[in-house]
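Q: Please find one structure pasted underneath; my questions will follow.
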Amino acid sequence: EDQVTQSPEALRLQEGESSSLNCSYTVSGLRGLFWYRQDPGKGPEFLFTLYSAGEEKEKERLKATLTKKESFLHITAPKPEDSATYLCAPCLNTGNQFYFGTGTSLTVIP
Amino acid sequence: GAVVSQHPSWVICKSGTSVKIECRSLDFQATTMFWYRQFPKQSLMLMATSNEGSKATYEQGVEKDKFLINHASLTLSTLTVTSAHPEDSSFYICSAGGGPTYEQYFGPGTRLTVT
């Protein structure tokens with residue numbers, strides 16, 4: 001059975017305190033792994049797509065990496081405006097649907 | 001990224017009535033649109049996938065007669081919640097995709113409250 005698990009559920013960081021969010025997945029065939037950011041009451045905002053193990057992508061303070069079983073979202077020196085829920089979603093190679101993980105709620109304290 | 005709009009952004013309706021939510025892809029032609037539902041403190045749950053000009057594919061457990069989806073053009077998909085009940089109250093979000101990179105671009109969501 002295909003599964004997606006994100007950890008931790010919630011994370012509180014001091015401004016400048018770097019950390020990583022984890023997305024573990026067990027799927028029959030991966031087309032791509034997508035990361036999104038969601039602010040309260042809004043739709044998800046696209047961050048990254050990773051297609052193969054070993055791939056890395058960066059955007060400002062965020063870097064996403066991918067292995068065969070998990071993906072990490074590294075946040076370097078976060079700022080309060082990085083506070084949001086971060087969602088990962090594998091896309092299976094049997095179609096183009098996303099199956100979202102439960103998300104990590106990040107709070108960055110000034 | 002692509003811009004997707006939803007209308008209305010919030011709606012309150014009485015139990016038993018129907019509500020239509022529009023999803024528009026403003027700057028690209030979306031061959032596929034997706035509809036999700038999100039309950040408080042929970043993640044997005046895929047309800048259905050619609051391809052332009054064909055019937056929607058519903059996820060297991062989603063009532064297709066209750067949640068009517070129409071994808072009449074490459075820029076517009078609609079979700080109609082028929083005979084809404086309080087348990088249908090939720091945040092409904094659409095996305096547009098179908099491009100070669102499989103990325104989905106999300107609308108801002110519609111908050112539905114059924115009284």
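Naming works like this for the structure tokens: A, B, ... for the chains as they're shown, residue 1 at the start of each chain, ligands 1 onward in shown order.
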Can you list, as a list in words, every protein, DNA or RNA residue that comes within 6 Å of Thr65 of chain A when you count only C-alpha atoms, leaving out same-chain residues fewer than 2 positions away?
A: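 With the cut-off at 6 Å, the set is Glu55, Glu56, Ser71 and Phe72 of chain A.
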Q: Taking N, CA and C atoms for each residue, export the selection above as an mmCIF file, in the first residue's frame.
A:
```
data_model
loop_
_atom_site.group_PDB
_atom_site.id
_atom_site.type_symbol
_atom_site.label_atom_id
_atom_site.label_comp_id
_atom_site.auth_asym_id
_atom_site.auth_seq_id
_atom_site.Cartn_x
_atom_site.Cartn_y
_atom_site.Cartn_z
ATOM 1 N N GLU A 55 18.994 13.752 -6.379
ATOM 2 C CA GLU A 55 18.727 15.088 -6.887
ATOM 3 C C GLU A 55 18.556 16.074 -5.733
ATOM 4 N N GLU A 56 19.024 17.298 -5.923
ATOM 5 C CA GLU A 56 18.882 18.361 -4.944
ATOM 6 C C GLU A 56 18.426 19.626 -5.661
ATOM 7 N N SER A 71 12.539 12.084 1.412
ATOM 8 C CA SER A 71 12.996 13.383 0.951
ATOM 9 C C SER A 71 13.130 14.285 2.167
ATOM 10 N N PHE A 72 14.109 15.165 2.109
ATOM 11 C CA PHE A 72 14.317 16.120 3.190
ATOM 12 C C PHE A 72 14.173 17.534 2.641
#
```
Q: Excluding Gly16 of chain B and its own-chain neighbours fewer than 3 positions away, which residues fall within 7 Å of it when counting only C-alpha atoms? Please give them as a list in words.
A: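 Returned residues: Ser83, Ala84 and His85 of chain B.
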Q: Filtering to all heavy atoms, could you give me those residues as a short mmCIF file (atom, residue, chain, number, x, y, z; two decimals), in the first residue's frame?
A:
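Output contents, as saved in result-v1.cif:
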```
data_model
loop_
_atom_site.label_atom_id
_atom_site.label_comp_id
_atom_site.auth_asym_id
_atom_site.auth_seq_id
_atom_site.Cartn_x
_atom_site.Cartn_y
_atom_site.Cartn_z
N SER B 83 -27.10 18.94 -2.68
CA SER B 83 -27.77 18.63 -1.42
C SER B 83 -26.77 18.63 -0.26
O SER B 83 -26.56 17.62 0.42
CB SER B 83 -28.46 17.26 -1.51
OG SER B 83 -29.25 17.02 -0.36
N ALA B 84 -26.16 19.79 -0.09
CA ALA B 84 -25.10 19.91 0.91
C ALA B 84 -25.61 19.70 2.32
O ALA B 84 -26.75 20.07 2.65
CB ALA B 84 -24.44 21.28 0.78
N HIS B 85 -24.78 19.09 3.14
CA HIS B 85 -25.09 18.89 4.56
C HIS B 85 -23.94 19.44 5.40
O HIS B 85 -22.83 19.65 4.88
CB HIS B 85 -25.31 17.40 4.84
CG HIS B 85 -26.59 16.88 4.27
ND1 HIS B 85 -26.67 16.27 3.04
CD2 HIS B 85 -27.86 16.92 4.76
CE1 HIS B 85 -27.92 15.95 2.79
NE2 HIS B 85 -28.66 16.32 3.81
#
```
Q: What parts of segment 15-101 of chain A does DSSP call strand (DSSP E)? I'd like the answer as an MDAnalysis selection string.
A: chainID A and resid 19:26 30:38 45:50 56:59 62:66 70:75 84:92
Q: Atom CA of Gly43 of chain A and atom CA of Ile21 of chain B, how far apart in Å?
A: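 It comes out at 14.7 Å.
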Q: Report as a list in words all protein, DNA and RNA residues lying within 12 Å of Ser15 of chain B, evaluated on only C-alpha atoms, omitting residues in the same chain fewer than 3 positions from it.
A: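 Selected residues are Ile12, Ser18, Val19, Val81, Thr82, Ser83, Ala84, His85, Pro86, Glu87, Asp88, Ser89, Leu112, Thr113, Val114 and Thr115 of chain B.
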Q: Let's have the selection written as a PDB file, in the first residue's frame, with N, CA and C atoms.
A:
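again-v6.pdb was written with the following content:
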```
ATOM      1  N   ILE B  12     -21.559  30.393   2.377  1.00  0.00           N
ATOM      2  CA  ILE B  12     -22.387  29.794   3.425  1.00  0.00           C
ATOM      3  C   ILE B  12     -23.714  29.414   2.785  1.00  0.00           C
ATOM      4  N   SER B  18     -27.611  23.351  -3.125  1.00  0.00           N
ATOM      5  CA  SER B  18     -26.427  23.005  -3.907  1.00  0.00           C
ATOM      6  C   SER B  18     -25.543  24.221  -4.068  1.00  0.00           C
ATOM      7  N   VAL B  19     -24.261  23.978  -4.155  1.00  0.00           N
ATOM      8  CA  VAL B  19     -23.282  25.055  -4.269  1.00  0.00           C
ATOM      9  C   VAL B  19     -22.318  24.728  -5.395  1.00  0.00           C
ATOM     10  N   VAL B  81     -21.450  20.895  -5.230  1.00  0.00           N
ATOM     11  CA  VAL B  81     -21.812  20.068  -4.077  1.00  0.00           C
ATOM     12  C   VAL B  81     -23.326  20.045  -4.019  1.00  0.00           C
ATOM     13  N   THR B  82     -23.917  18.907  -4.294  1.00  0.00           N
ATOM     14  CA  THR B  82     -25.374  18.813  -4.353  1.00  0.00           C
ATOM     15  C   THR B  82     -25.930  18.402  -2.993  1.00  0.00           C
ATOM     16  N   SER B  83     -27.098  18.941  -2.676  1.00  0.00           N
ATOM     17  CA  SER B  83     -27.774  18.631  -1.419  1.00  0.00           C
ATOM     18  C   SER B  83     -26.768  18.633  -0.264  1.00  0.00           C
ATOM     19  N   ALA B  84     -26.163  19.786  -0.086  1.00  0.00           N
ATOM     20  CA  ALA B  84     -25.097  19.907   0.905  1.00  0.00           C
ATOM     21  C   ALA B  84     -25.613  19.699   2.322  1.00  0.00           C
ATOM     22  N   HIS B  85     -24.782  19.090   3.145  1.00  0.00           N
ATOM     23  CA  HIS B  85     -25.090  18.891   4.557  1.00  0.00           C
ATOM     24  C   HIS B  85     -23.942  19.436   5.399  1.00  0.00           C
ATOM     25  N   PRO B  86     -24.173  19.656   6.673  1.00  0.00           N
ATOM     26  CA  PRO B  86     -23.114  20.236   7.513  1.00  0.00           C
ATOM     27  C   PRO B  86     -21.792  19.483   7.448  1.00  0.00           C
ATOM     28  N   GLU B  87     -21.829  18.174   7.271  1.00  0.00           N
ATOM     29  CA  GLU B  87     -20.565  17.421   7.202  1.00  0.00           C
ATOM     30  C   GLU B  87     -19.783  17.685   5.925  1.00  0.00           C
ATOM     31  N   ASP B  88     -20.401  18.370   4.960  1.00  0.00           N
ATOM     32  CA  ASP B  88     -19.687  18.767   3.737  1.00  0.00           C
ATOM     33  C   ASP B  88     -18.908  20.062   3.938  1.00  0.00           C
ATOM     34  N   SER B  89     -19.105  20.694   5.079  1.00  0.00           N
ATOM     35  CA  SER B  89     -18.365  21.926   5.371  1.00  0.00           C
ATOM     36  C   SER B  89     -16.873  21.616   5.384  1.00  0.00           C
ATOM     37  N   LEU B 112     -16.345  26.396   2.424  1.00  0.00           N
ATOM     38  CA  LEU B 112     -17.784  26.108   2.390  1.00  0.00           C
ATOM     39  C   LEU B 112     -18.270  25.807   3.802  1.00  0.00           C
ATOM     40  N   THR B 113     -19.295  26.534   4.198  1.00  0.00           N
ATOM     41  CA  THR B 113     -19.955  26.282   5.479  1.00  0.00           C
ATOM     42  C   THR B 113     -21.421  25.983   5.213  1.00  0.00           C
ATOM     43  N   VAL B 114     -21.876  24.832   5.654  1.00  0.00           N
ATOM     44  CA  VAL B 114     -23.267  24.430   5.469  1.00  0.00           C
ATOM     45  C   VAL B 114     -23.963  24.483   6.825  1.00  0.00           C
ATOM     46  N   THR B 115     -25.010  25.269   6.897  1.00  0.00           N
ATOM     47  CA  THR B 115     -25.709  25.445   8.184  1.00  0.00           C
ATOM     48  C   THR B 115     -26.992  24.627   8.245  1.00  0.00           C
TER      49      THR B 115
END
```
Q: Residues of chain B that approach chain A to 12 Å or less, counting only C-alpha atoms: could you list each one with the shortest pair of atoms and its distance in Å to one decimal, rows by chain and increasing residue number, as a tab-separated table?
A:
```
residue	atom	partner	partner_atom	distance
B:Gly1	CA	A:Phe46	CA	7.8
B:Ala2	CA	A:Phe46	CA	9.8
B:Val3	CA	A:Glu45	CA	10.5
B:Val4	CA	A:Gly43	CA	9.8
B:Ser5	CA	A:Gly43	CA	10.1
B:Gln6	CA	A:Gly43	CA	10.1
B:Ser9	CA	A:Lys42	CA	9.9
B:Trp10	CA	A:Gly41	CA	10.6
B:Thr31	CA	A:Asn96	CA	11.4
B:Thr32	CA	A:Asn96	CA	8.9
B:Met33	CA	A:Gln97	CA	9.9
B:Phe34	CA	A:Gln97	CA	8.0
B:Trp35	CA	A:Gln97	CA	10.4
B:Tyr36	CA	A:Phe98	CA	10.1
B:Arg37	CA	A:Gly43	CA	10.9
B:Gln38	CA	A:Gly43	CA	10.1
B:Phe39	CA	A:Gly41	CA	10.9
B:Pro40	CA	A:Gly41	CA	9.7
B:Lys41	CA	A:Thr102	CA	9.0
B:Gln42	CA	A:Thr102	CA	6.5
B:Ser43	CA	A:Thr102	CA	4.9
B:Leu44	CA	A:Phe100	CA	6.2
B:Met45	CA	A:Phe100	CA	7.2
B:Leu46	CA	A:Tyr99	CA	7.0
B:Met47	CA	A:Gln97	CA	10.3
B:Ala48	CA	A:Gln97	CA	9.1
B:Thr49	CA	A:Gln97	CA	7.5
B:Ser50	CA	A:Gln97	CA	10.6
B:Asn51	CA	A:Asn96	CA	11.2
B:Thr57	CA	A:Gln97	CA	10.7
B:Tyr58	CA	A:Gln97	CA	11.2
B:Glu59	CA	A:Gln97	CA	10.2
B:Ser90	CA	A:Gly41	CA	11.1
B:Phe91	CA	A:Gly41	CA	8.2
B:Tyr92	CA	A:Gly43	CA	9.2
B:Ile93	CA	A:Gly43	CA	6.6
B:Cys94	CA	A:Gly43	CA	8.4
B:Ser95	CA	A:Gly43	CA	8.9
B:Ala96	CA	A:Gln97	CA	11.2
B:Gly97	CA	A:Asn96	CA	8.5
B:Gly98	CA	A:Asn96	CA	7.4
B:Gly99	CA	A:Asn96	CA	9.7
B:Pro100	CA	A:Asn96	CA	10.2
B:Thr101	CA	A:Thr49	CA	8.4
B:Tyr102	CA	A:Asn96	CA	6.4
B:Glu103	CA	A:Thr49	CA	7.5
B:Gln104	CA	A:Phe46	CA	7.6
B:Tyr105	CA	A:Phe46	CA	6.8
B:Phe106	CA	A:Gly43	CA	5.7
B:Gly107	CA	A:Gly43	CA	5.6
B:Pro108	CA	A:Gly43	CA	4.4
B:Gly109	CA	A:Gly43	CA	5.5
B:Thr110	CA	A:Lys42	CA	8.9
B:Arg111	CA	A:Gly41	CA	8.4
```
Q: How many Å separate atom CA of Leu74 of chain B from atom CA of Lys20 of chain B?
A: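 If I compute the distance from atom CA of Leu74 of chain B to atom CA of Lys20 of chain B, I get 18.2 Å.
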Q: Between atom CA of His74 of chain A and atom CA of Ser18 of chain A, what is the spacing in Å?
A: 7.6 Å
Q: Between A:Glu9, A:Glu17, A:Glu58, A:Glu70, single out the one closest to Leu30 of chain A, counting only C-alpha atoms.
A: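 Of the candidates, the smallest distance to Leu30 of chain A is held by A:Glu70.
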Q: Pick from B:Ser54, B:His7, B:Glu63, B:His71: nearest to Glu22 of chain B, with only C-alpha atoms counted?
A: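 Smallest distance to Glu22 of chain B is found for B:His7.
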